[in-house]
$ cat structure-v3.cif   # mmCIF, C-alpha atoms and all ligand atoms
data_target
loop_
_atom_site.label_atom_id
_atom_site.label_comp_id
_atom_site.auth_asym_id
_atom_site.auth_seq_id
_atom_site.Cartn_x
_atom_site.Cartn_y
_atom_site.Cartn_z
CA MET A 19 0.00 0.00 0.00
CA ARG A 20 2.76 2.33 0.99
CA SER A 21 4.52 1.85 -2.30
CA ARG A 22 1.33 2.78 -4.11
CA LEU A 23 1.24 5.99 -2.15
CA GLN A 24 4.84 6.77 -2.86
CA GLN A 25 3.92 6.61 -6.50
CA GLY A 26 1.53 9.46 -5.76
CA GLN A 27 -1.60 7.36 -5.86
CA VAL A 28 -3.32 8.89 -2.90
CA MET A 29 -7.03 8.34 -3.15
CA GLY A 30 -9.18 11.38 -3.77
CA ALA A 31 -11.72 12.87 -1.42
CA ASP A 32 -14.40 10.68 -2.83
CA ALA A 33 -12.54 7.43 -2.52
CA GLU A 34 -15.39 5.08 -2.83
CA PHE A 35 -16.25 1.85 -4.45
CA ASP A 36 -13.05 0.72 -6.05
CA ALA A 37 -10.46 -1.97 -5.88
CA SER A 38 -8.37 -0.30 -3.17
CA PRO A 39 -7.72 -2.44 -0.15
CA THR A 40 -9.73 -1.40 2.84
CA GLN A 41 -9.84 -2.15 6.51
CA ASN A 42 -13.20 -2.06 8.23
CA GLY A 43 -14.48 -0.19 5.28
CA GLU A 44 -11.87 2.55 5.40
CA PRO A 45 -9.03 2.78 2.93
CA VAL A 46 -5.87 1.52 4.59
CA GLU A 47 -3.69 4.26 3.25
CA ASN A 48 -5.20 6.61 5.77
CA VAL A 49 -3.45 4.74 8.46
CA ALA A 50 -0.23 4.25 6.57
CA VAL A 51 0.39 7.68 5.22
CA SER A 52 -0.62 10.44 7.38
CA PRO A 53 -0.87 10.90 11.10
CA ILE A 54 -3.75 12.82 12.58
CA GLY A 55 -1.35 15.64 13.30
CA ASP A 56 -1.54 17.37 9.99
CA GLN A 57 1.80 18.44 8.72
CA THR A 58 0.20 20.09 5.74
CA PHE A 59 -1.29 22.82 7.86
CA SER A 60 1.67 23.59 10.00
CA ALA A 61 4.25 23.09 7.30
CA GLY A 62 2.45 25.58 5.09
CA ALA A 63 2.21 28.06 7.93
CA TYR A 64 5.87 28.03 8.86
CA GLU A 65 7.05 27.96 5.28
CA SER A 66 5.06 30.99 4.34
CA SER A 67 6.11 32.84 7.49
CA GLY A 68 9.76 32.25 6.56
CA LYS A 69 10.64 32.15 10.27
CA VAL A 70 12.07 28.71 10.43
CA GLY A 71 14.59 28.36 7.70
CA VAL A 72 16.47 25.68 9.58
CA LEU A 73 13.39 23.53 9.82
CA ARG A 74 12.74 24.11 6.18
CA VAL A 75 16.24 22.95 5.28
CA LEU A 76 15.91 19.93 7.54
CA ARG A 77 12.58 19.17 5.99
CA SER A 78 13.95 19.39 2.49
CA LEU A 79 16.77 17.07 3.55
CA ALA A 80 14.16 14.71 4.92
CA VAL A 81 13.33 13.47 1.46
CA ASP A 82 16.71 11.79 1.40
CA PHE A 83 16.42 10.18 4.82
CA PRO A 84 15.77 6.49 4.91
CA GLY A 85 12.05 5.73 4.88
CA THR A 86 11.68 5.23 8.62
CA PHE A 87 13.23 8.55 9.61
CA ARG A 88 11.29 10.34 6.99
CA ARG A 89 8.01 8.93 8.30
CA ILE A 90 8.91 9.89 11.85
CA TRP A 91 9.79 13.37 10.70
CA LEU A 92 6.47 13.77 8.93
CA ARG A 93 4.65 12.67 12.06
CA VAL A 94 6.18 15.28 14.34
CA PRO A 95 3.28 17.48 15.47
CA ARG A 96 3.96 21.15 14.85
CA PRO A 97 0.99 22.98 16.23
CA VAL A 98 3.25 25.66 17.73
CA LEU A 99 4.27 26.71 14.27
CA ALA A 100 0.78 27.38 13.02
CA SER A 101 -1.13 30.62 13.48
CA SER A 102 -3.94 30.57 16.03
CA GLY A 103 -6.56 30.38 13.28
CA LEU A 104 -4.87 27.43 11.62
CA ARG A 105 -4.33 25.82 14.99
CA ARG A 106 -8.01 26.03 15.82
CA GLU A 107 -8.90 24.61 12.45
CA GLN A 108 -6.37 21.86 12.93
CA LEU A 109 -7.84 21.05 16.34
CA ALA A 110 -11.32 20.87 14.86
CA VAL A 111 -10.09 18.54 12.11
CA ARG A 112 -8.40 16.36 14.72
CA SER A 113 -11.48 16.34 16.92
CA GLY A 114 -13.52 15.34 13.90
CA ILE A 115 -11.27 12.39 13.11
CA LYS A 116 -11.25 11.37 16.76
CA GLN A 117 -15.03 11.53 16.94
CA TYR A 118 -15.33 9.60 13.68
CA ARG A 119 -13.20 6.83 15.15
CA ALA A 120 -15.10 6.82 18.43
CA ASP A 121 -18.41 6.55 16.54
CA GLN A 122 -16.93 3.81 14.43
CA ALA A 123 -15.73 1.91 17.49
CA ARG A 124 -19.18 1.91 19.05
CA GLY A 125 -20.69 0.95 15.71
CA HIS A 126 -23.14 3.82 15.68
CA HIS A 127 -22.06 5.86 12.76
CA ARG A 128 -24.48 7.72 10.58
CA PHE A 129 -21.83 9.27 8.33
CA LEU A 130 -20.07 5.96 7.81
CA LEU A 131 -23.39 4.33 7.03
CA ARG A 132 -24.38 6.93 4.46
CA ARG A 133 -20.99 6.81 2.81
CA ASN A 134 -20.85 3.04 2.68
CA ILE A 135 -24.37 2.71 1.32
CA HIS A 136 -23.35 5.19 -1.32
CA ARG A 137 -20.27 3.09 -2.12
CA LEU A 138 -22.42 -0.02 -2.45
CA GLU A 139 -24.79 1.86 -4.69
CA LYS A 140 -21.93 2.89 -6.93
CA GLY A 141 -20.93 -0.76 -7.10
CA LEU A 142 -24.48 -1.62 -8.10
CA ILE A 143 -24.52 0.87 -10.98
CA MET A 144 -21.08 -0.13 -12.25
CA TRP A 145 -21.01 -1.46 -15.78
CA PRO A 146 -20.10 -4.21 -16.22
CA ARG A 147 -21.15 -4.98 -12.68
CA ARG A 148 -19.13 -7.37 -10.59
CA SER A 149 -20.89 -10.22 -8.87
CA GLU A 150 -18.80 -9.66 -5.76
CA PHE A 151 -17.71 -6.35 -4.28
CA GLY A 152 -17.79 -4.46 -1.01
CA GLY A 153 -16.89 -7.58 0.98
CA ASP A 154 -14.42 -5.65 3.11
CA TYR A 155 -16.95 -3.16 4.43
CA ILE A 156 -20.35 -4.82 4.13
CA GLY A 157 -20.13 -6.19 7.69
CA VAL A 158 -19.47 -2.84 9.29
CA THR A 159 -22.17 -1.28 7.10
CA VAL A 160 -24.90 -3.69 8.12
CA ALA A 161 -23.83 -3.35 11.75
CA ALA A 162 -24.06 0.45 11.47
CA ALA A 163 -27.50 0.17 9.87
CA VAL A 164 -28.71 -1.99 12.74
CA ARG A 165 -27.36 0.46 15.33
CA VAL A 166 -28.43 3.66 13.60
CA TYR A 167 -31.97 2.52 12.94
CA GLY A 168 -32.26 0.85 16.26
CA GLU A 169 -31.12 3.85 18.29
CA SER A 170 -31.89 6.95 16.23
CA ALA A 171 -34.94 5.87 14.28
CA PRO A 172 -36.90 9.09 14.83
CA LEU A 173 -34.13 11.20 13.29
CA VAL A 174 -33.79 9.15 10.17
CA SER A 175 -36.12 10.07 7.33
CA ASP A 176 -38.30 7.42 5.67
CA ALA A 177 -36.50 8.19 2.42
CA GLU A 178 -33.12 7.46 3.97
CA ARG A 179 -34.35 4.27 5.57
CA GLN A 180 -35.85 3.10 2.28
CA TRP A 181 -32.58 3.89 0.57
CA VAL A 182 -30.42 2.02 3.09
CA LEU A 183 -32.71 -1.02 3.09
CA GLY A 184 -33.20 -0.88 -0.68
CA VAL A 185 -29.50 -0.73 -1.48
CA LEU A 186 -28.65 -3.49 0.98
CA THR A 187 -31.42 -5.67 -0.44
CA SER A 188 -30.19 -5.13 -4.02
CA TYR A 189 -26.62 -5.70 -2.92
CA PHE A 190 -27.39 -9.09 -1.40
CA GLU A 191 -29.36 -10.07 -4.51
CA VAL A 192 -26.49 -9.13 -6.81
CA THR A 193 -23.84 -10.86 -4.69
CA ARG A 194 -26.03 -13.95 -4.18
CA GLN A 195 -23.49 -16.24 -5.85
CA SER A 196 -20.58 -15.02 -3.75
CA THR A 197 -19.16 -17.41 -1.19
CA SER A 198 -17.35 -14.63 0.67
CA PRO A 199 -17.85 -15.30 4.39
CA SER A 200 -18.11 -11.59 5.16
CA ILE A 201 -20.90 -11.09 2.64
CA ARG A 202 -22.83 -14.17 3.70
CA SER A 203 -22.48 -13.32 7.38
CA ALA A 204 -23.60 -9.72 6.79
CA GLU A 205 -26.56 -11.01 4.84
CA SER A 206 -27.71 -13.21 7.68
CA THR A 207 -27.40 -10.29 10.13
CA PHE A 208 -29.37 -8.15 7.69
CA ALA A 209 -32.08 -10.78 7.27
CA ARG A 210 -32.29 -11.23 11.04
CA CYS A 211 -32.52 -7.54 11.91
CA PHE A 212 -34.57 -6.05 9.09
CA VAL A 213 -37.89 -7.61 8.31
CA ALA A 214 -38.95 -4.59 6.28
CA PRO A 215 -37.61 -5.72 2.88
CA ASN A 216 -39.76 -8.85 3.04
CA ASN A 217 -42.68 -6.88 4.32
CA GLY A 218 -43.70 -4.88 1.30
CA ASP A 219 -41.79 -1.81 2.52
CA GLU A 220 -41.15 0.64 -0.28
CA LEU A 221 -37.47 0.51 -1.15
CA ALA A 222 -35.17 2.87 -2.99
CA GLY A 223 -31.97 2.27 -4.89
CA PRO A 224 -30.30 2.48 -8.29
CA HIS A 225 -32.72 3.52 -11.01
CA ARG A 226 -32.71 5.12 -14.46
CA HIS A 227 -32.19 8.85 -14.58
CA ALA A 228 -35.53 10.18 -15.70
CA ILE A 229 -36.00 13.86 -14.93
CA ASP A 230 -38.94 15.32 -16.81
CA VAL A 231 -37.35 18.64 -17.75
CA GLU A 232 -40.14 19.66 -20.11
CA GLY A 233 -42.82 18.79 -17.62
CA SER A 234 -41.04 20.74 -14.91
CA GLY A 235 -41.72 24.06 -16.63
CA ILE A 236 -38.13 25.09 -15.93
CA ASP A 237 -35.99 25.98 -18.89
CA ILE A 238 -32.70 27.77 -19.31
CA ASP A 239 -34.44 31.14 -19.73
CA SER A 240 -36.44 30.86 -16.54
CA LEU A 241 -33.37 29.61 -14.69
CA ARG A 242 -31.39 32.53 -16.06
CA ARG A 243 -34.09 34.98 -15.00
CA LEU A 244 -33.96 33.53 -11.52
CA ALA A 245 -30.17 33.74 -11.40
CA ILE A 246 -30.08 37.31 -12.66
CA GLY A 247 -33.06 38.37 -10.56
CA ARG A 248 -31.52 37.13 -7.34
CA ARG A 249 -29.34 39.71 -5.70
CA SER A 250 -27.97 40.00 -2.19
CA VAL A 251 -30.61 41.97 -0.32
CA ARG A 252 -29.70 43.68 2.94
CA TRP A 253 -32.80 45.71 3.75
CA TYR A 254 -35.91 43.89 4.77
CA GLU A 255 -39.55 44.49 5.67
CA ASP A 256 -40.47 44.12 9.31
CA LYS A 257 -42.23 40.84 8.62
CA LYS A 258 -41.34 37.29 9.56
CA VAL A 259 -40.98 34.54 7.01
CA ASP A 260 -43.13 31.57 7.86
CA ARG A 261 -41.13 28.51 8.85
CA SER A 262 -42.97 26.41 6.28
CA VAL A 263 -41.50 28.64 3.56
CA VAL A 264 -38.03 28.04 4.99
CA ASP A 265 -38.65 24.32 5.09
CA ARG A 266 -39.64 24.28 1.44
CA ALA A 267 -36.34 25.96 0.63
CA MET A 268 -34.59 23.41 2.86
CA GLU A 269 -36.15 20.65 0.78
CA ILE A 270 -34.33 22.12 -2.20
CA ALA A 271 -31.10 22.60 -0.24
CA ARG A 272 -30.92 18.98 0.94
CA GLU A 273 -31.05 17.73 -2.66
CA SER A 274 -27.64 19.29 -3.30
CA PRO A 275 -24.73 16.96 -3.96
CA THR A 276 -22.39 16.15 -1.09
CA ALA A 277 -19.22 14.08 -1.22
CA CYS A 278 -20.20 10.43 -0.72
CA ASN A 279 -23.67 11.67 0.20
CA ARG A 280 -22.54 12.40 3.76
CA ALA A 281 -24.29 15.77 4.11
CA PRO A 282 -21.87 16.97 6.82
CA TYR A 283 -23.71 20.16 7.74
CA ARG A 284 -26.79 21.60 9.35
CA PHE A 285 -28.67 24.84 9.04
CA GLU A 286 -29.22 26.54 12.42
CA ILE A 287 -32.16 28.81 11.73
CA ILE A 288 -32.56 31.76 14.08
CA ASP A 289 -35.81 33.66 13.79
CA SER A 290 -36.43 35.15 17.24
CA ASP A 291 -35.69 38.90 17.39
CA SER A 292 -33.18 38.59 20.22
CA GLY A 293 -31.48 35.54 18.71
CA VAL A 294 -31.12 37.19 15.31
CA GLN A 295 -29.54 40.28 16.85
CA GLU A 296 -27.05 38.29 18.89
CA VAL A 297 -26.03 36.19 15.92
CA ALA A 298 -25.99 39.02 13.36
CA GLU A 299 -23.76 41.09 15.62
CA CYS A 300 -21.26 38.24 15.85
CA ALA A 301 -20.60 38.60 12.15
CA MET A 302 -18.48 41.42 10.74
CA GLY A 303 -20.22 41.95 7.44
CA THR A 304 -23.58 43.06 8.80
CA GLY A 305 -22.44 46.51 9.93
CA GLY A 306 -25.15 49.16 9.50
CA TYR A 307 -27.96 46.79 8.65
CA ALA A 308 -27.84 44.04 11.30
CA HIS A 309 -30.58 45.71 13.39
CA GLN A 310 -33.33 45.04 10.83
CA ILE A 311 -32.45 41.51 9.67
CA PRO A 312 -35.59 39.48 10.42
CA ALA A 313 -33.99 36.02 10.43
CA ILE A 314 -30.61 34.47 9.95
CA VAL A 315 -29.17 31.04 9.27
CA VAL A 316 -25.90 29.82 10.68
CA LEU A 317 -24.53 27.13 8.46
CA VAL A 318 -22.52 24.65 10.56
CA GLY A 319 -20.21 21.99 9.16
CA ASP A 320 -19.42 18.78 11.05
CA LEU A 321 -15.90 17.42 10.75
CA SER A 322 -16.82 14.19 12.50
CA ALA A 323 -18.04 13.03 9.09
CA PHE A 324 -14.46 12.35 8.00
CA PHE A 325 -11.77 9.87 8.86
CA HIS A 326 -8.95 11.78 7.21
CA GLU A 327 -7.62 15.31 7.12
CA ARG A 328 -7.59 15.25 3.34
CA ASP A 329 -11.35 15.69 3.42
CA ARG A 330 -11.28 18.72 5.69
CA HIS A 331 -12.56 21.10 2.99
CA LEU A 332 -15.68 19.14 2.29
CA ILE A 333 -17.70 20.84 5.00
CA TYR A 334 -17.19 24.12 3.15
CA ILE A 335 -17.84 22.71 -0.29
CA ASP A 336 -20.88 20.62 0.55
CA SER A 337 -22.59 23.22 2.68
CA SER A 338 -21.95 26.01 0.16
CA LEU A 339 -23.65 24.00 -2.55
CA ALA A 340 -26.62 23.53 -0.24
CA ALA A 341 -26.56 27.21 0.71
CA MET A 342 -26.99 28.35 -2.87
CA ALA A 343 -29.83 25.93 -3.45
CA PHE A 344 -31.43 27.17 -0.23
CA VAL A 345 -31.16 30.78 -1.34
CA LEU A 346 -32.74 29.98 -4.71
CA GLY A 347 -35.45 28.01 -2.92
CA LEU A 348 -36.22 31.12 -0.88
CA GLU A 349 -35.99 33.42 -3.89
CA VAL A 350 -38.66 31.59 -5.91
CA GLN A 351 -40.96 31.95 -2.92
CA GLY A 352 -40.42 35.70 -2.85
CA VAL A 353 -37.95 35.69 0.03
CA ALA A 354 -34.70 37.62 -0.37
CA SER A 355 -31.40 36.82 1.30
CA CYS A 356 -27.79 37.75 1.73
CA MET A 357 -24.88 35.43 2.47
CA ILE A 358 -22.75 36.74 5.29
CA ASN A 359 -19.09 35.96 5.59
CA TRP A 360 -17.78 34.13 8.65
CA PRO A 361 -14.16 35.24 9.02
CA ASP A 362 -12.24 33.06 11.40
CA ILE A 363 -11.77 35.47 14.31
CA PRO A 364 -11.15 33.81 17.68
CA GLU A 365 -13.36 36.06 19.87
CA ARG A 366 -16.27 35.98 17.44
CA ASP A 367 -15.89 32.28 16.91
CA ALA A 368 -15.91 31.67 20.67
CA ARG A 369 -19.02 33.82 21.04
CA MET A 370 -20.87 31.99 18.29
CA ARG A 371 -19.80 28.62 19.64
CA ARG A 372 -21.18 29.56 23.03
CA LEU A 373 -24.41 30.88 21.56
CA LEU A 374 -25.09 27.76 19.52
CA GLY A 375 -23.40 25.28 21.84
CA LEU A 376 -21.23 23.94 19.05
CA ALA A 377 -19.22 20.75 19.47
CA ASP A 378 -15.44 20.77 18.99
CA THR A 379 -15.92 19.02 15.67
CA GLU A 380 -18.20 21.73 14.33
CA ARG A 381 -17.23 24.82 12.35
CA VAL A 382 -19.29 27.80 11.32
CA ILE A 383 -19.25 28.02 7.53
CA MET A 384 -21.23 31.18 6.82
CA LEU A 385 -24.41 32.99 7.74
CA ILE A 386 -27.43 33.72 5.56
CA ALA A 387 -29.74 36.61 6.36
CA TYR A 388 -33.20 36.30 4.88
CA GLY A 389 -36.54 38.08 4.83
CA TYR A 390 -38.94 39.95 2.58
CA ALA A 391 -37.07 42.66 0.67
CA ASP A 392 -37.90 46.24 1.58
CA ALA A 393 -39.03 47.56 -1.81
CA GLU A 394 -38.10 51.13 -0.80
CA ARG A 395 -34.42 50.33 -0.33
CA LEU A 396 -31.72 49.72 -2.93
CA VAL A 397 -29.75 46.66 -3.95
CA PRO A 398 -26.22 46.78 -5.40
CA PHE A 399 -26.00 45.91 -9.08
CA SER A 400 -22.93 43.71 -8.62
CA ALA A 401 -21.95 43.20 -12.26
CA LYS A 402 -20.57 39.79 -13.10
CA GLY A 403 -17.45 39.06 -15.11
CA SER A 404 -17.39 37.83 -18.68
CA LEU A 405 -17.53 34.14 -19.47
CA ASP A 406 -14.06 34.43 -20.97
CA GLU A 407 -12.74 35.37 -17.55
CA ILE A 408 -14.27 32.46 -15.67
CA ARG A 409 -14.20 29.59 -18.08
CA ALA A 410 -11.79 28.09 -20.55
CA PHE A 411 -12.60 25.42 -23.10
CA GLY A 412 -10.18 22.83 -24.37
CA ARG A 413 -6.93 24.08 -22.87
CA ILE A 414 -5.62 20.56 -22.70
C1 LIG B 1 -19.32 33.67 1.13
C2 LIG B 1 -19.97 35.03 1.02
C3 LIG B 1 -19.80 35.93 2.03
C4 LIG B 1 -20.43 37.15 1.97
N1 LIG B 1 -20.34 38.00 3.02
C5 LIG B 1 -21.04 39.12 3.04
C6 LIG B 1 -21.03 39.94 4.20
O1 LIG B 1 -20.38 39.63 5.19
N2 LIG B 1 -21.77 41.05 4.19
C7 LIG B 1 -22.53 41.42 3.11
O2 LIG B 1 -23.21 42.43 3.18
N3 LIG B 1 -22.56 40.66 1.99
C8 LIG B 1 -21.84 39.53 1.92
N4 LIG B 1 -21.89 38.70 0.84
C9 LIG B 1 -22.66 39.10 -0.33
C10 LIG B 1 -21.75 39.55 -1.44
O3 LIG B 1 -21.30 40.85 -1.17
C11 LIG B 1 -22.50 39.50 -2.77
O4 LIG B 1 -22.85 38.17 -3.03
C12 LIG B 1 -21.69 40.03 -3.91
O5 LIG B 1 -21.40 41.39 -3.74
C13 LIG B 1 -22.41 39.84 -5.22
O6 LIG B 1 -23.69 40.39 -5.16
P1 LIG B 1 -24.98 39.52 -5.49
O7 LIG B 1 -25.09 38.47 -4.46
O8 LIG B 1 -26.11 40.48 -5.46
O9 LIG B 1 -24.78 38.91 -6.86
C14 LIG B 1 -21.24 37.51 0.85
C15 LIG B 1 -21.37 36.58 -0.17
C16 LIG B 1 -20.76 35.35 -0.10
C17 LIG B 1 -20.94 34.36 -1.21
#

$ encode --input "structure-v3.cif" --output "structure tokens" --more "lines below"
Ligand SMILES: Cc1cc2nc3c(=O)[nH]c(=O)nc-3n(C[C@H](O)[C@H](O)[C@H](O)COP(=O)(O)O)c2cc1C
Amino acid sequence: MRSRLQQGQVMGADAEFDASPTQNGEPVENVAVSPIGDQTFSAGAYESSGKVGVLRVLRSLAVDFPGTFRRIWLRVPRPVLASSGLRREQLAVRSGIKQYRADQARGHHRFLLRRNIHRLEKGLIMWPRRSEFGGDYIGVTVAAAVRVYGESAPLVSDAERQWVLGVLTSYFEVTRQSTSPSIRSAESTFARCFVAPNNGDELAGPHRHAIDVEGSGIDIDSLRRLAIGRRSVRWYEDKKVDRSVVDRAMEIARESPTACNRAPYRFEIIDSDSGVQEVAECAMGTGGYAHQIPAIVVLVGDLSAFFHERDRHLIYIDSSLAAMAFVLGLEVQGVASCMINWPDIPERDARMRRLLGLADTERVIMLIAYGYADAERLVPFSAKGSLDEIRAFGRI
């Protein structure tokens, strides 16, 4: 495994169903390559600061050290060398990995379950499809399904349950011929614990892509009108948005793609006057208009969804995709909004963490103010760049 990595074959963020060796469902290179202490963070920080030339020289020499010394060198934790912002981020990433492992050890792991079901589903849609796959993580997946649905049933949506049961059912059908002990043993646990698939329960799983674009009434022109019509609105009417309107926008947001379908975020929606003021004042970018924001969302990412530091950016990526869908979902219902930056400032971060009672593994991603636009007030034009600036065809 190590030699594969030395050839630069580190798996990508979405390392899923593939032929890579795994251990309890997790790629083994995580263990082999990189310690939890993330040298990428600290190394970048001290290199750019230029303060520690000696360390830099030693580090550059490290490539010539024999393998063992080099690995030890790379494992030396260097939190002291990072700025306080990077250090806090590093701590959150570490806490996330630690929490992931703790959840994994007790077998109750929603993120692992979602990811593994997704991996199985990718195996099921593979063409040509193999008659045996996923044997190295099917056991842990079924065990997680048993735990998650046994202990957190009320939190899990029907759709998710139907998906988990549907994919597992299809998986055991497709791998029926396999004599792999792990697959057969997982199947008997599955059959013992879930009666639903034999009980006429509606199941979900791989299917043909069949979106009825014409029937939807949405075309490129209407989508363009929506995109151009939406603008960041900062002045609002003194009128609350009904929570059902927000939920309809959330239904759009949750359909956004997330890496391995983990959905490592939540929307904290604050709509009480006092709560909105406290939260809005925590942010920097609301100066001059915070006092009249009727409601605000704090988008929170959860790093306990990941077993490796390489995935640390996914909370930002996944939740931003959902944020945009949420904003458009509001917009088509006549509700305006404005994304609010969340700069990583220790005092503000501490205040927000206290307010929301955030766990060590959680990070604030951004805020979104929303409400009915005050028609008397103005909105910046915010011209966009040309396509030539932001896209390039066929460069390679
Ligand atoms: C991540 C992000 C952070 C932002 N932060 C702020 C902010 O702190 N305060 C603010 O008034 N607007 C903020 N905005 C809104 C931008 O200023 C706005 O999107 C940009 O000027 C383009 O205008 P438009 O949204 O109307 O197209 C933010 C937008 C994004 C995407």

$ atom_distance --input "structure-v3.cif" --atom1 "CA of Glu255 (chain A)" --atom2 "CA of Ala340 (chain A)"
25.3 Å

$ residues_around --input "structure-v3.cif" --residues "Phe285 (chain A)" --least-positions-apart "2" --cutoff "7 Å" --atoms "all atoms listed in the file" --output "MDAnalysis selection string"
chainID A and resid 283 287 315:318

$ closest_atom_pairs --input "structure-v3.cif" --of "chain A" --to "ligand LIG 1 (chain B)" --cutoff "9 Å" --atoms "all atoms listed in the file" --output "tab-separated table"
residue	atom	partner	partner_atom	distance
A:Ala245	CA	B:LIG1	O9	8.7
A:Ile246	CA	B:LIG1	O9	8.0
A:Gly247	CA	B:LIG1	O8	8.9
A:Arg248	CA	B:LIG1	O8	6.6
A:Arg249	CA	B:LIG1	O8	3.3
A:Ser250	CA	B:LIG1	O8	3.8
A:Val251	CA	B:LIG1	O8	7.0
A:Arg252	CA	B:LIG1	O2	6.6
A:Ala301	CA	B:LIG1	O1	7.0
A:Met302	CA	B:LIG1	O1	6.1
A:Gly303	CA	B:LIG1	O1	3.2
A:Thr304	CA	B:LIG1	N2	5.3
A:Gly305	CA	B:LIG1	O2	7.9
A:Tyr307	CA	B:LIG1	O2	8.5
A:Ser338	CA	B:LIG1	C1	8.2
A:Met342	CA	B:LIG1	C17	8.7
A:Ser355	CA	B:LIG1	O7	8.7
A:Cys356	CA	B:LIG1	C9	5.7
A:Met357	CA	B:LIG1	C14	4.5
A:Ile358	CA	B:LIG1	N1	3.5
A:Asn359	CA	B:LIG1	N1	3.5
A:Trp360	CA	B:LIG1	O1	7.0
A:Pro361	CA	B:LIG1	O1	8.5
A:Ile383	CA	B:LIG1	C1	8.5
A:Met384	CA	B:LIG1	C1	6.5
A:Leu385	CA	B:LIG1	C3	7.9
A:Ile386	CA	B:LIG1	C4	8.6
A:Val397	CA	B:LIG1	O8	7.3
A:Pro398	CA	B:LIG1	O8	6.3
A:Phe399	CA	B:LIG1	O8	6.5
A:Ser400	CA	B:LIG1	O6	4.9
A:Ala401	CA	B:LIG1	O9	7.5
A:Lys402	CA	B:LIG1	O9	7.6

$ residues_around --input "structure-v3.cif" --residues "region 205-210 of chain A" --least-positions-apart "6" --cutoff "10 Å" --atoms "all atoms listed in the file" --output "ChimeraX atom specification"
/A:156-157,159-161,163-164,183,186-187,189-191,193-194,199,216

$ atom_distance --input "structure-v3.cif" --atom1 "CA of Val158 (chain A)" --atom2 "CA of Ser200 (chain A)"
9.8 Å

$ atom_distance --input "structure-v3.cif" --atom1 "CA of Val294 (chain A)" --atom2 "CA of Glu365 (chain A)"
18.4 Å

$ closest_residue --input "structure-v3.cif" --among "A:Glu380, A:Pro282, A:Trp253, A:Gly306" --to "Arg395 (chain A)" --atoms "all atoms listed in the file"
A:Trp253

$ residues_around --input "structure-v3.cif" --residues "Leu339 (chain A)" --least-positions-apart "6" --cutoff "12 Å" --atoms "all atoms listed in the file" --output "mmCIF file with C-alpha atoms, keeping the file's coordinate frame"
data_model
loop_
_atom_site.group_PDB
_atom_site.id
_atom_site.type_symbol
_atom_site.label_atom_id
_atom_site.label_comp_id
_atom_site.auth_asym_id
_atom_site.auth_seq_id
_atom_site.Cartn_x
_atom_site.Cartn_y
_atom_site.Cartn_z
ATOM 1 C CA ILE A 270 -34.330 22.120 -2.200
ATOM 2 C CA ALA A 271 -31.100 22.600 -0.240
ATOM 3 C CA ARG A 272 -30.920 18.980 0.940
ATOM 4 C CA GLU A 273 -31.050 17.730 -2.660
ATOM 5 C CA SER A 274 -27.640 19.290 -3.300
ATOM 6 C CA PRO A 275 -24.730 16.960 -3.960
ATOM 7 C CA THR A 276 -22.390 16.150 -1.090
ATOM 8 C CA ALA A 277 -19.220 14.080 -1.220
ATOM 9 C CA ALA A 281 -24.290 15.770 4.110
ATOM 10 C CA PRO A 282 -21.870 16.970 6.820
ATOM 11 C CA TYR A 283 -23.710 20.160 7.740
ATOM 12 C CA LEU A 317 -24.530 27.130 8.460
ATOM 13 C CA LEU A 332 -15.680 19.140 2.290
ATOM 14 C CA ILE A 333 -17.700 20.840 5.000
ATOM 15 C CA VAL A 345 -31.160 30.780 -1.340
ATOM 16 C CA LEU A 346 -32.740 29.980 -4.710
ATOM 17 C CA ILE A 383 -19.250 28.020 7.530
#

$ build_atoms --input "structure-v3.cif" --residues "region 395-403 of chain A" --atoms "N, CA and C atoms" --output "PDB file, in the coordinates of the input"
ATOM      1  N   ARG A 395     -35.888  50.237  -0.442  1.00  0.00           N
ATOM      2  CA  ARG A 395     -34.420  50.330  -0.330  1.00  0.00           C
ATOM      3  C   ARG A 395     -33.738  49.785  -1.598  1.00  0.00           C
ATOM      4  N   LEU A 396     -32.448  50.077  -1.702  1.00  0.00           N
ATOM      5  CA  LEU A 396     -31.720  49.720  -2.930  1.00  0.00           C
ATOM      6  C   LEU A 396     -30.901  48.424  -2.753  1.00  0.00           C
ATOM      7  N   VAL A 397     -30.560  47.893  -3.901  1.00  0.00           N
ATOM      8  CA  VAL A 397     -29.750  46.660  -3.950  1.00  0.00           C
ATOM      9  C   VAL A 397     -28.575  46.920  -4.881  1.00  0.00           C
ATOM     10  N   PRO A 398     -27.355  46.574  -4.484  1.00  0.00           N
ATOM     11  CA  PRO A 398     -26.220  46.780  -5.400  1.00  0.00           C
ATOM     12  C   PRO A 398     -26.400  45.993  -6.703  1.00  0.00           C
ATOM     13  N   PHE A 399     -25.877  46.553  -7.768  1.00  0.00           N
ATOM     14  CA  PHE A 399     -26.000  45.910  -9.080  1.00  0.00           C
ATOM     15  C   PHE A 399     -25.088  44.682  -9.174  1.00  0.00           C
ATOM     16  N   SER A 400     -23.888  44.824  -8.650  1.00  0.00           N
ATOM     17  CA  SER A 400     -22.930  43.710  -8.620  1.00  0.00           C
ATOM     18  C   SER A 400     -22.764  43.018  -9.977  1.00  0.00           C
ATOM     19  N   ALA A 401     -22.161  43.751 -10.900  1.00  0.00           N
ATOM     20  CA  ALA A 401     -21.950  43.200 -12.260  1.00  0.00           C
ATOM     21  C   ALA A 401     -21.070  41.954 -12.194  1.00  0.00           C
ATOM     22  N   LYS A 402     -21.351  41.042 -13.052  1.00  0.00           N
ATOM     23  CA  LYS A 402     -20.570  39.790 -13.100  1.00  0.00           C
ATOM     24  C   LYS A 402     -19.535  39.856 -14.229  1.00  0.00           C
ATOM     25  N   GLY A 403     -18.516  39.059 -14.110  1.00  0.00           N
ATOM     26  CA  GLY A 403     -17.450  39.060 -15.110  1.00  0.00           C
ATOM     27  C   GLY A 403     -17.901  38.375 -16.400  1.00  0.00           C
TER      28      GLY A 403
END
